[in-house]
Every structure is written in structure tokens, then in C-alpha cells.
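To start, the structure itself, in C-alpha cells.
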Amino acid sequence: MEKTYDVIVVGAGTSGMMAAITAAKQGARVLIIEKNKKIGKKLLMTGGGRCNVTNNRPVDDLVAHIPGNGKFLYSTFSQFNNYDVMAFFADLGVVLKEEDHGRMFPVTNKSKTIVEALLQAINDHHVTLLTNTVVTKLIHDGSQIRGVRTETDEFSAPSVILTTGGRTYPSTGATGDGYKMAKKVGHTITPLYPTESPLVSEESFIQERTLQGISLQDITLSVLDQKGKPIVAHTMDLLFTHFGLSGPAALRCSSFVNQELKKQQPVTVALDCLPAKSHEALTQELIQSAASKKQLPNALAGFLPERLMTFFLQQLDLHELVAEKASPEQLAALASLIKGFSITIVRTFPLEKSFVTGGGLHLKEINPKTMESKKINGLYFAGELLDINGYTGGFNITAAFCTGHVSGKNAAETASYFSY
């Protein structure tokens with residue numbers, strides 16, 4: 001097997017495959033090394049196995065949906081953005097469709113379609129693919145990258161791109177190897193934490209599974225600071241589970257919960273079940289509905305799922321009341337609970353069971369225009385290794401594809417200055 005290349009990519013995930021294809025399109029001789037038997041293992045799992053490849057919204061909106069250092073990506077997105085990702089797949093013959101919130105999926109509804117298209121492009125551009133192989137070390141002379149060492153071989157190249165992923169889903173091979181390699185050549189790794197992760201609560205109603213399985217649409221979930229002020233709020237769907245809270249609203253709040261847990265234990269989240277109604281309007285509606293000889297839970301049946309309404313009424317000791325006996329003050333207190341139910345969160349799921357890794361390679365040590373290391377010439381990074389994290393909905397994968405493209409393009413350019 002050839003031992004000398006222009007560009008070596010370590011990790012054949014989302015960003016690695018894009019980096020390899022882009023570098024090869026520039027005319028570079030590219031080797032991509034993957035520790036798994038097959039490429040794109042995590043990509044096959046994304047979007048519930050359907051692969052949410054990107055999101056169809058303006059770049060400023062993209063950045064707003066990447067709360068973990070999204071602004072670092074302005075330079076990347078000026079070179080290659082979500083629209084370019086869509087065009088890239090169109091060129092590969094993959095037809096995409098748009099779903100709610102701008103999420104783009106292959107019309108086949110299969111992640112396999114995306115991985116197979118990327119593999120086809122890798123083959124079409126004569127990229128050498130080496131699977132089942134672990135890179136153990138970066139070879140460099142202190143200032144310039146020279147290649148990589150695997151368990152059995154050494155490969156030379158003036159450009160190396162690390163795209164080994166974060167620490168989520170270790171079953172996909174994402175065990176943090178890239179962080180260790182980067183650290184050995186002088187890079188700083190900011191603390192890693194789970195994001196896009198379900199929220200764990202030890203409240204008695206969670207432990208007793210009182211609300212388990214209740215699903216709420218378009219609620220607002222807020223994360224509160226130590227003074228009870230909202231740090232962030234998301235209006236999306238929510239699911240009560242046997243361990244706490246899941247669903248899009250909980251996942252989106254999780255990175256903020258984890259940051260806040262460093263300052264206070266536990267962290268409180270506030271649930272507004274009916275964010276479209278003001279407290280006053282809701283109180284008036286409750287008063288009108290309670291003008292009835294029915295039991296109060298029955299009179300108020302249309303406002304919330306039955307079990308949740310019964311639970312709220314029990315909290316206020318109103319559940320056995322005849323509706324017309326409820327005072328305006330009692331119904332105003334119910335409105336307060338519906339619009340501001342506090343739940344304490346003790347932790348999120350661990351990194352290994354979360355969707356996205358927060359933290360990573362310190363961005364001050366990476367050139368945002370090229371994705372090149374400021375410590376070692378010819379060393380590039382892309383994807384989840386970087387200290388960048390977004391919400392679910394195609395934002396992390398977009399960041400991975402786009403940083404992969406920029407690193408691949410610039411790594412090939414750097415390599416072109418070297419001749420063997």
C-alpha cells in the first residue's frame with residue numbers, strides 16, 4: 001500500500017468524508033483512515049436513522065441555532081454553508097425534502113442513502129480508504145505535521161485533518177482519541193459536557209411516574225439562574241419520562257442546564273404549558289369554564305391532558321372541588337401553576353448517552369478561515385472535535401459538513417506547496 005499522500009484524514013465520519021472528498025477534488029492524493037470496519041457509523045444513526053443532513057434557513061439563523069460558539073463558523077459559512085451542502089448532495093444524485101422547522105432529509109428516509117452517496121464520491125475521486133485501523137500518533141517535527149502512525153504502519157503527508165468526533169455514542173468509535181492526539185501537540189481541550197441530552201429529575205412525581213408518558217406540544221421550557229431569572233427559553237414539544245424530561249424542548253435546554261449545574265445544584269427549569277395565553281387571559285378562561293356543577297377536573301378537561309390537570313389540581317388541593325365552588329383566587333393560582341411549574345433537574349444523561357459533545361478543541365488555537373492549527377502547521381480539524389455545539393435539527397451535522405469542506409480545501413492547498 002502507498003505510504004505517502006498529500007492529505008491524510010483521520011476519521012471517516014460526517015466531517016472526515018466531506019474533508020477527504022473536498023481535498024481530492026482539489027487534486028490532492030488523499031488517504032482516509034477509519035477505526036471502524038465501516039464508514040459513517042454515527043451518521044447512520046442520526047435523525048432517527050433517517051439522517052437530517054442540514055437545515056434550510058439563512059446563515060444568521062443557523063448561527064443562532066448553534067449556541068456553543070456558533071459565531072466562530074461565520075468564516076466557514078462564508079465559504080461553504082447549508083445551501084452548498086444541499087447542492088453537494090444534489091450533485092451526487094441525492095434528492096432531499098424539507099420537513100418541519102427547515103429540517104432536510106433524503107426522500108428515501110434512510111441514512112444509508114447519504115452514507116452510500118459519500119462512499120461513492122470517495123471512490124469516484126480515488127480517495128484511498130483504510131478501515132479497521134487505529135491512528136495512535138501524529139508525526140511532526142514540532143512545527144510542521146509530517147504524517148501519522150497507526151498500530152502497524154506510518155503514513156507521510158504534509159497535511160493531516162483530525163475528524164475523530166466527540167465522546168458521544170462510544171459504540172460508534174467516538175472515544176475521544178482526537179482530543180488526546182491534539183493535546184499531545186500542545187492544544188487545549190475545554191471541558192467536555194453533554195448537550196442535546198435528556199434532563200434527569202429526582203422530584204417525587206417523577207420517581208412515582210405520576211406524569212410518565214405525557215406529551216405536550218408547543219410548551220415553553222426555561223432554565224433559571226440562581227436568582228430565578230430565565231437564562232434561556234425554548235418553545236417546543238416536551239415529554240415526561242420515568243427519569244425526568246425529554247423531547248426537543250428538554251434537549252435544547254440541556255447544554256444550559258449543564259453550564260448552570262457548575263454554579264448551582266440542582267438547577268430549576270420552569271414549564272409554561274400554555275405560552276400563547278397570558279396569565280390574565282388564562283385565569284378568565286378558567287373562571288368561565290368553572291361555572292359548572294361538574295367536578296373541577298371534568299369542567300377544566302379541555303385545557304391540558306387529563307392526568308396533568310388532575311396533578312396540578314392536587315398540588316393546590318382543588319381536585320375534589322365542584323367547579324362552581326372554586327374561587328377566582330384559586331383559579332388564578334391554578335393559572336400560575338400551569339404557566340410556571342418549577343421542576344428541579346439534578347443532571348442530564350452522561351456524555352456517552354447524549355447526542356452531542358459540548359466543549360472540545362479551544363477555538364482560539366484554530367484559524368477560523370482555514371481550520372488549521374495555530375500550533376502545528378499542516379494540522380487541521382473539523383466536526384465535533386471543535387468546541388462548537390448546536391441544537392438538534394440538522395445544525396451539528398451542517399457544522400460538520402461545512403468545517404469538513406473548509407479543512408479539506410485548505411489542507412489540499414497547503415499540500416500543493418510541498419513536492420516529494
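Note on naming: chains are A, B, ... as they come in the C-alpha cells, residues start from 1 per chain, ligands start from 1 in the order shown.
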Query raised in the report: Would you give me, as a PyMOL selection string, the residues in region 11-118 of chain A that DSSP reads as strand (DSSP E or B)?
Result: chain A and resi 30-33+54-55+68+96-98+103-106
Query raised in the report: Hey, what's within 12 Å of Gln314 (chain A) if we count only C-alpha atoms and toss same-chain stuff fewer than 5 positions away? As a VMD selection string, please?
Result: chain A and resid 205 210 296 to 297 307 to 309 319 to 321 334 337
Output of the above residues as a PDB file, in the first residue's frame, restricted to C-alpha atoms:
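The resulting selection.pdb:
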ATOM      1  CA  PHE A 205     -43.781  12.982  40.929  1.00  0.00           C
ATOM      2  CA  THR A 210     -47.173  10.246  38.002  1.00  0.00           C
ATOM      3  CA  LEU A 296     -63.471  20.720  38.720  1.00  0.00           C
ATOM      4  CA  PRO A 297     -61.158  18.265  36.842  1.00  0.00           C
ATOM      5  CA  ARG A 307     -53.550  13.445  34.158  1.00  0.00           C
ATOM      6  CA  LEU A 308     -51.573  16.695  34.134  1.00  0.00           C
ATOM      7  CA  MET A 309     -54.612  18.838  35.021  1.00  0.00           C
ATOM      8  CA  HIS A 319     -59.109  18.141  42.760  1.00  0.00           C
ATOM      9  CA  GLU A 320     -62.223  17.156  44.766  1.00  0.00           C
ATOM     10  CA  LEU A 321     -63.951  20.515  44.400  1.00  0.00           C
ATOM     11  CA  LEU A 334     -54.013  27.260  39.023  1.00  0.00           C
ATOM     12  CA  LEU A 337     -49.061  26.727  38.136  1.00  0.00           C
TER      13      LEU A 337
END
Query raised in the report: What lies within 9 Å of Leu331 (chain A) using only C-alpha atoms, ignoring chain neighbours under 5 positions off, as a list of chain:residue names?
Result: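 Near neighbours after the sequence-gap exclusion: A:Thr283, A:Gln284, A:Leu286, A:Ile287, A:Ala290, A:Ala326, A:Ser336.
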Report task. Identify, on the basis of only C-alpha atoms, every residue whose closest approach to Thr46 (chain A) does not exceed 12 Å; exclude the query and any residue fewer than 4 positions from it along the same chain; express the result as a VMD selection string. Result -> chain A and resid 13 to 14 40 to 42 50 to 54 105 109 to 112 114 to 115 169 172 355 to 356 392 to 397
Residues of the last selection are to be written out with N, CA, C and O atoms, as an mmCIF file, in the first residue's frame.
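Written file, selection.cif:
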data_model
loop_
_atom_site.group_PDB
_atom_site.id
_atom_site.type_symbol
_atom_site.label_atom_id
_atom_site.label_comp_id
_atom_site.auth_asym_id
_atom_site.auth_seq_id
_atom_site.Cartn_x
_atom_site.Cartn_y
_atom_site.Cartn_z
ATOM 1 N N GLY A 13 -16.127 9.963 9.481
ATOM 2 C CA GLY A 13 -17.490 10.358 9.839
ATOM 3 C C GLY A 13 -17.947 11.468 8.902
ATOM 4 O O GLY A 13 -17.419 11.640 7.800
ATOM 5 N N THR A 14 -18.921 12.246 9.365
ATOM 6 C CA THR A 14 -19.512 13.311 8.543
ATOM 7 C C THR A 14 -18.459 14.286 8.030
ATOM 8 O O THR A 14 -18.326 14.513 6.825
ATOM 9 N N GLY A 40 -18.927 6.131 8.438
ATOM 10 C CA GLY A 40 -20.187 6.832 8.704
ATOM 11 C C GLY A 40 -21.106 6.168 9.706
ATOM 12 O O GLY A 40 -22.324 6.246 9.608
ATOM 13 N N LYS A 41 -20.518 5.530 10.732
ATOM 14 C CA LYS A 41 -21.327 4.762 11.684
ATOM 15 C C LYS A 41 -22.323 5.648 12.443
ATOM 16 O O LYS A 41 -23.488 5.317 12.599
ATOM 17 N N LYS A 42 -21.834 6.817 12.920
ATOM 18 C CA LYS A 42 -22.731 7.712 13.667
ATOM 19 C C LYS A 42 -23.739 8.381 12.726
ATOM 20 O O LYS A 42 -24.895 8.617 13.089
ATOM 21 N N ARG A 50 -32.769 8.407 9.840
ATOM 22 C CA ARG A 50 -33.228 8.987 8.564
ATOM 23 C C ARG A 50 -32.243 10.019 8.033
ATOM 24 O O ARG A 50 -32.307 10.427 6.898
ATOM 25 N N CYS A 51 -31.354 10.498 8.908
ATOM 26 C CA CYS A 51 -30.283 11.434 8.553
ATOM 27 C C CYS A 51 -30.784 12.829 8.153
ATOM 28 O O CYS A 51 -31.039 13.125 6.988
ATOM 29 N N ASN A 52 -30.861 13.678 9.171
ATOM 30 C CA ASN A 52 -31.242 15.083 8.988
ATOM 31 C C ASN A 52 -29.987 15.827 8.511
ATOM 32 O O ASN A 52 -29.210 16.319 9.313
ATOM 33 N N VAL A 53 -29.774 15.892 7.174
ATOM 34 C CA VAL A 53 -28.477 16.332 6.647
ATOM 35 C C VAL A 53 -28.148 17.806 6.829
ATOM 36 O O VAL A 53 -26.990 18.174 6.911
ATOM 37 N N THR A 54 -29.176 18.662 6.863
ATOM 38 C CA THR A 54 -28.906 20.080 7.091
ATOM 39 C C THR A 54 -30.227 20.762 7.409
ATOM 40 O O THR A 54 -31.247 20.092 7.618
ATOM 41 N N PHE A 105 -34.116 16.127 4.844
ATOM 42 C CA PHE A 105 -33.869 14.679 4.877
ATOM 43 C C PHE A 105 -33.784 14.138 3.448
ATOM 44 O O PHE A 105 -34.360 14.731 2.536
ATOM 45 N N ASN A 109 -35.761 8.613 3.203
ATOM 46 C CA ASN A 109 -35.892 8.471 4.661
ATOM 47 C C ASN A 109 -34.871 7.497 5.240
ATOM 48 O O ASN A 109 -35.094 6.898 6.288
ATOM 49 N N LYS A 110 -33.744 7.338 4.540
ATOM 50 C CA LYS A 110 -32.724 6.398 5.031
ATOM 51 C C LYS A 110 -31.354 7.066 5.105
ATOM 52 O O LYS A 110 -30.869 7.600 4.102
ATOM 53 N N SER A 111 -30.711 6.984 6.268
ATOM 54 C CA SER A 111 -29.349 7.497 6.426
ATOM 55 C C SER A 111 -28.385 6.810 5.457
ATOM 56 O O SER A 111 -27.415 7.401 5.000
ATOM 57 N N LYS A 112 -28.697 5.545 5.188
ATOM 58 C CA LYS A 112 -27.853 4.743 4.298
ATOM 59 C C LYS A 112 -27.670 5.426 2.941
ATOM 60 O O LYS A 112 -26.598 5.353 2.330
ATOM 61 N N ILE A 114 -27.390 8.565 2.336
ATOM 62 C CA ILE A 114 -26.368 9.610 2.476
ATOM 63 C C ILE A 114 -24.975 8.980 2.557
ATOM 64 O O ILE A 114 -24.040 9.406 1.869
ATOM 65 N N VAL A 115 -24.840 7.956 3.401
ATOM 66 C CA VAL A 115 -23.526 7.305 3.575
ATOM 67 C C VAL A 115 -23.066 6.667 2.264
ATOM 68 O O VAL A 115 -21.895 6.795 1.872
ATOM 69 N N TYR A 169 -21.888 8.489 22.002
ATOM 70 C CA TYR A 169 -22.051 7.201 21.303
ATOM 71 C C TYR A 169 -20.717 6.473 21.111
ATOM 72 O O TYR A 169 -20.245 6.304 19.998
ATOM 73 N N THR A 172 -19.894 3.942 18.400
ATOM 74 C CA THR A 172 -19.532 4.297 17.024
ATOM 75 C C THR A 172 -18.027 4.538 16.894
ATOM 76 O O THR A 172 -17.542 4.932 15.841
ATOM 77 N N PHE A 355 -26.585 13.245 22.607
ATOM 78 C CA PHE A 355 -26.494 13.356 21.149
ATOM 79 C C PHE A 355 -25.232 14.078 20.701
ATOM 80 O O PHE A 355 -24.663 13.768 19.661
ATOM 81 N N VAL A 356 -24.805 15.074 21.497
ATOM 82 C CA VAL A 356 -23.728 15.957 21.037
ATOM 83 C C VAL A 356 -22.773 16.265 22.196
ATOM 84 O O VAL A 356 -23.192 16.399 23.345
ATOM 85 N N THR A 392 -30.347 20.071 18.032
ATOM 86 C CA THR A 392 -30.738 19.063 17.045
ATOM 87 C C THR A 392 -31.612 19.752 15.995
ATOM 88 O O THR A 392 -32.194 20.789 16.255
ATOM 89 N N GLY A 393 -31.676 19.154 14.829
ATOM 90 C CA GLY A 393 -32.438 19.774 13.750
ATOM 91 C C GLY A 393 -31.568 20.013 12.534
ATOM 92 O O GLY A 393 -31.902 20.792 11.648
ATOM 93 N N GLY A 394 -30.390 19.358 12.501
ATOM 94 C CA GLY A 394 -29.513 19.471 11.336
ATOM 95 C C GLY A 394 -28.401 20.492 11.499
ATOM 96 O O GLY A 394 -27.642 20.741 10.564
ATOM 97 N N PHE A 395 -28.266 21.080 12.694
ATOM 98 C CA PHE A 395 -27.280 22.159 12.878
ATOM 99 C C PHE A 395 -25.871 21.624 13.139
ATOM 100 O O PHE A 395 -24.892 22.134 12.593
ATOM 101 N N ASN A 396 -25.752 20.577 13.957
ATOM 102 C CA ASN A 396 -24.428 19.992 14.214
ATOM 103 C C ASN A 396 -23.854 19.333 12.963
ATOM 104 O O ASN A 396 -22.673 19.453 12.667
ATOM 105 N N ILE A 397 -24.719 18.651 12.239
ATOM 106 C CA ILE A 397 -24.259 17.966 11.028
ATOM 107 C C ILE A 397 -23.854 18.987 9.960
ATOM 108 O O ILE A 397 -22.890 18.785 9.219
#
Requested in this report: For Thr403 (chain A), work out the shell of residues within 9 Å, counting only C-alpha atoms and skipping chain neighbours fewer than 6 positions away, then give it as a list in words.
Outcome: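 Within the cut-off, the hits are Ser15, Met18, Ala19, Leu73, Thr76, Phe77, Phe80, Thr370, Met371, Phe381, Ala382 and Gly383 of chain A.
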Requested in this report: Can you work out which one of A:Ala182, A:Gly247, A:Lys277, A:Glu2 has the shortest atom-to-atom distance to Gly360 (chain A), counting only C-alpha atoms?
Outcome: A:Ala182
For region 156-164 of chain A, list every protein, DNA or RNA residue within 7 Å, evaluated using only C-alpha atoms, and leave out those in the same chain fewer than 5 positions away; present the list as a CSV table (one decimal) with all heavy atoms, in the first residue's frame.
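Everything below was put into selection-v7.csv:
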chain,number,residue,atom,x,y,z
A,3,LYS,N,2.5,4.7,0.9
A,3,LYS,CA,2.7,5.3,2.3
A,3,LYS,C,2.8,6.8,2.3
A,3,LYS,O,2.9,7.4,3.3
A,3,LYS,CB,4.0,4.7,2.8
A,3,LYS,CG,3.9,3.2,3.1
A,3,LYS,CD,3.0,2.8,4.2
A,3,LYS,CE,2.7,1.4,4.3
A,3,LYS,NZ,3.8,0.5,4.8
A,4,THR,N,2.8,7.4,1.1
A,4,THR,CA,2.9,8.9,1.0
A,4,THR,C,1.7,9.5,0.3
A,4,THR,O,1.3,9.1,-0.8
A,4,THR,CB,4.2,9.2,0.2
A,4,THR,OG1,5.3,8.6,0.9
A,4,THR,CG2,4.5,10.7,0.2
A,5,TYR,N,1.2,10.5,1.0
A,5,TYR,CA,0.0,11.2,0.5
A,5,TYR,C,0.1,12.7,0.6
A,5,TYR,O,1.0,13.2,1.2
A,5,TYR,CB,-1.3,10.7,1.2
A,5,TYR,CG,-1.6,9.3,1.0
A,5,TYR,CD1,-1.0,8.3,1.8
A,5,TYR,CD2,-2.4,8.8,0.0
A,5,TYR,CE1,-1.2,6.9,1.6
A,5,TYR,CE2,-2.7,7.5,-0.3
A,5,TYR,CZ,-2.1,6.5,0.5
A,5,TYR,OH,-2.3,5.2,0.3
A,6,ASP,N,-0.8,13.4,0.0
A,6,ASP,CA,-0.9,14.9,0.2
A,6,ASP,C,-1.6,15.2,1.4
A,6,ASP,O,-1.2,16.1,2.2
A,6,ASP,CB,-1.5,15.6,-1.0
A,6,ASP,CG,-0.8,15.3,-2.3
A,6,ASP,OD1,0.5,15.4,-2.3
A,6,ASP,OD2,-1.4,15.0,-3.3
A,7,VAL,N,-2.7,14.5,1.6
A,7,VAL,CA,-3.6,14.8,2.8
A,7,VAL,C,-4.0,13.5,3.4
A,7,VAL,O,-4.4,12.5,2.7
A,7,VAL,CB,-4.9,15.6,2.3
A,7,VAL,CG1,-5.9,15.7,3.5
A,7,VAL,CG2,-4.5,16.9,1.7
A,8,ILE,N,-3.9,13.4,4.7
A,8,ILE,CA,-4.4,12.2,5.5
A,8,ILE,C,-5.6,12.7,6.4
A,8,ILE,O,-5.4,13.7,7.1
A,8,ILE,CB,-3.3,11.6,6.3
A,8,ILE,CG1,-2.2,11.0,5.4
A,8,ILE,CG2,-3.9,10.5,7.2
A,8,ILE,CD1,-1.0,10.5,6.2
A,9,VAL,N,-6.7,12.0,6.3
A,9,VAL,CA,-7.9,12.4,7.1
A,9,VAL,C,-8.0,11.2,8.1
A,9,VAL,O,-8.1,10.1,7.7
A,9,VAL,CB,-9.2,12.5,6.2
A,9,VAL,CG1,-10.3,12.9,7.1
A,9,VAL,CG2,-9.0,13.6,5.2
A,10,VAL,N,-8.1,11.6,9.4
A,10,VAL,CA,-8.3,10.6,10.5
A,10,VAL,C,-9.7,10.6,10.9
A,10,VAL,O,-10.1,11.6,11.6
A,10,VAL,CB,-7.3,10.9,11.6
A,10,VAL,CG1,-7.4,9.8,12.7
A,10,VAL,CG2,-5.9,11.0,11.1
A,11,GLY,N,-10.5,9.6,10.6
A,11,GLY,CA,-11.9,9.5,11.0
A,11,GLY,C,-12.8,9.7,9.8
A,11,GLY,O,-12.9,10.8,9.2
A,15,SER,N,-17.7,14.9,9.0
A,15,SER,CA,-16.7,15.9,8.6
A,15,SER,C,-15.5,15.3,7.8
A,15,SER,O,-15.0,15.9,6.9
A,15,SER,CB,-16.2,16.7,9.8
A,15,SER,OG,-15.7,15.8,10.8
A,16,GLY,N,-15.1,14.1,8.2
A,16,GLY,CA,-14.0,13.4,7.6
A,16,GLY,C,-14.2,13.1,6.2
A,16,GLY,O,-13.4,13.3,5.3
A,145,ILE,N,3.5,19.3,10.6
A,145,ILE,CA,3.0,17.9,10.6
A,145,ILE,C,3.7,17.1,9.5
A,145,ILE,O,4.0,17.6,8.4
A,145,ILE,CB,1.5,17.8,10.4
A,145,ILE,CG1,0.9,16.5,11.0
A,145,ILE,CG2,1.0,18.0,8.9
A,145,ILE,CD1,0.6,16.6,12.4
A,146,ARG,N,4.0,15.8,9.8
A,146,ARG,CA,4.7,15.0,8.8
A,146,ARG,C,3.9,13.8,8.4
A,146,ARG,O,4.2,13.1,7.4
A,146,ARG,CB,6.1,14.6,9.4
A,146,ARG,CG,7.0,15.7,9.7
A,146,ARG,CD,7.5,16.3,8.4
A,146,ARG,NE,8.4,17.4,8.6
A,146,ARG,CZ,8.7,18.4,7.8
A,146,ARG,NH1,8.1,18.4,6.6
A,146,ARG,NH2,9.5,19.4,8.1
A,147,GLY,N,2.9,13.4,9.2
A,147,GLY,CA,2.1,12.2,8.9
A,147,GLY,C,1.5,11.7,10.1
A,147,GLY,O,1.4,12.3,11.2
A,148,VAL,N,1.1,10.4,10.1
A,148,VAL,CA,0.5,9.7,11.2
A,148,VAL,C,1.1,8.3,11.4
A,148,VAL,O,1.6,7.7,10.4
A,148,VAL,CB,-1.0,9.6,11.1
A,148,VAL,CG1,-1.7,10.9,10.9
A,148,VAL,CG2,-1.4,8.6,9.9
A,174,ALA,N,-16.4,6.7,18.8
A,174,ALA,CA,-16.1,8.1,19.3
A,174,ALA,C,-15.7,8.0,20.8
A,174,ALA,O,-16.5,8.1,21.7
A,174,ALA,CB,-17.4,9.0,19.2
A,177,ASP,N,-10.3,9.9,21.0
A,177,ASP,CA,-8.9,9.8,20.6
A,177,ASP,C,-8.3,11.1,20.1
A,177,ASP,O,-7.2,11.4,20.3
A,177,ASP,CB,-8.8,8.8,19.4
A,177,ASP,CG,-9.4,7.4,19.7
A,177,ASP,OD1,-9.9,7.3,20.8
A,177,ASP,OD2,-9.5,6.6,18.9
A,178,GLY,N,-9.1,11.8,19.3
A,178,GLY,CA,-8.7,13.1,18.7
A,178,GLY,C,-8.2,14.1,19.7
A,178,GLY,O,-7.3,14.9,19.5
A,378,GLY,N,0.0,22.6,9.0
A,378,GLY,CA,-0.4,21.4,8.3
A,378,GLY,C,-1.4,20.5,9.0
A,378,GLY,O,-1.9,19.5,8.5
A,379,LEU,N,-1.7,20.9,10.3
A,379,LEU,CA,-2.7,20.1,11.1
A,379,LEU,C,-4.0,20.8,11.0
A,379,LEU,O,-4.1,22.0,11.4
A,379,LEU,CB,-2.2,19.9,12.5
A,379,LEU,CG,-3.1,19.1,13.4
A,379,LEU,CD1,-3.4,17.7,12.9
A,379,LEU,CD2,-2.6,19.1,14.9
A,380,TYR,N,-5.1,20.1,10.6
A,380,TYR,CA,-6.4,20.7,10.5
A,380,TYR,C,-7.4,19.9,11.4
A,380,TYR,O,-7.2,18.8,11.7
A,380,TYR,CB,-6.8,20.7,9.0
A,380,TYR,CG,-6.0,21.6,8.1
A,380,TYR,CD1,-4.8,21.1,7.6
A,380,TYR,CD2,-6.4,22.8,7.8
A,380,TYR,CE1,-4.0,21.9,6.8
A,380,TYR,CE2,-5.6,23.7,7.0
A,380,TYR,CZ,-4.4,23.2,6.5
A,380,TYR,OH,-3.7,24.0,5.7
A,381,PHE,N,-8.5,20.6,11.7
A,381,PHE,CA,-9.5,20.0,12.5
A,381,PHE,C,-10.9,20.3,11.8
A,381,PHE,O,-11.1,21.3,11.2
A,381,PHE,CB,-9.5,20.6,13.9
A,381,PHE,CG,-8.2,20.4,14.6
A,381,PHE,CD1,-7.4,21.5,14.7
A,381,PHE,CD2,-7.9,19.2,15.2
A,381,PHE,CE1,-6.2,21.3,15.4
A,381,PHE,CE2,-6.7,19.0,15.9
A,381,PHE,CZ,-5.8,20.1,16.0
A,382,ALA,N,-11.9,19.4,12.1
A,382,ALA,CA,-13.2,19.6,11.7
A,382,ALA,C,-14.2,18.8,12.5
A,382,ALA,O,-13.8,17.8,13.1
A,382,ALA,CB,-13.4,19.3,10.2
A,383,GLY,N,-15.5,19.2,12.5
A,383,GLY,CA,-16.5,18.4,13.1
A,383,GLY,C,-16.6,18.6,14.6
A,383,GLY,O,-16.2,19.6,15.2
A,385,LEU,N,-15.0,17.5,17.1
A,385,LEU,CA,-13.8,17.7,17.9
A,385,LEU,C,-13.7,19.2,18.4
A,385,LEU,O,-13.2,19.5,19.4
A,385,LEU,CB,-12.5,17.4,17.1
A,385,LEU,CG,-11.8,16.1,17.2
A,385,LEU,CD1,-10.6,16.1,16.3
A,385,LEU,CD2,-11.5,15.7,18.6
A,411,ALA,N,-6.3,22.1,3.4
A,411,ALA,CA,-5.3,21.1,3.6
A,411,ALA,C,-4.7,20.7,2.2
A,411,ALA,O,-3.5,20.5,2.1
A,411,ALA,CB,-5.9,19.8,4.3
A,414,THR,N,-2.4,23.6,1.1
A,414,THR,CA,-1.1,23.5,1.8
A,414,THR,C,-0.2,22.5,1.3
A,414,THR,O,0.9,22.7,1.0
A,414,THR,CB,-1.4,23.2,3.3
A,414,THR,OG1,-2.1,24.3,3.9
A,414,THR,CG2,-0.1,23.0,4.1
A,415,ALA,N,-0.8,21.3,1.0
A,415,ALA,CA,-0.1,20.2,0.5
A,415,ALA,C,0.5,20.5,-0.9
A,415,ALA,O,1.6,20.0,-1.3
A,415,ALA,CB,-1.0,18.9,0.4
Show me a table, sorted first by chain and then by increasing residue number, of the residues of region 352-411 of chain A having an atom at most 8 Å from region 186-189 of chain A, each with its shortest atom pair and the distance in Å to one decimal, counting only C-alpha atoms and written as a tab-separated table.
residue	atom	partner	partner_atom	distance
A:Gly359	CA	A:Ile189	CA	7.4
A:Gly360	CA	A:Ile189	CA	5.1
A:Leu361	CA	A:Ile189	CA	4.7
A:His362	CA	A:Thr188	CA	5.6
A:Glu365	CA	A:His187	CA	7.0
A:Lys375	CA	A:Gly186	CA	6.8
Query raised in the report: Counting only C-alpha atoms, which of A:Arg347, A:Arg103, A:Lys263, A:Lys35 gets nearest to Met86 (chain A)?
Result: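 Distance minimum relative to Met86 (chain A) lands on A:Arg103.
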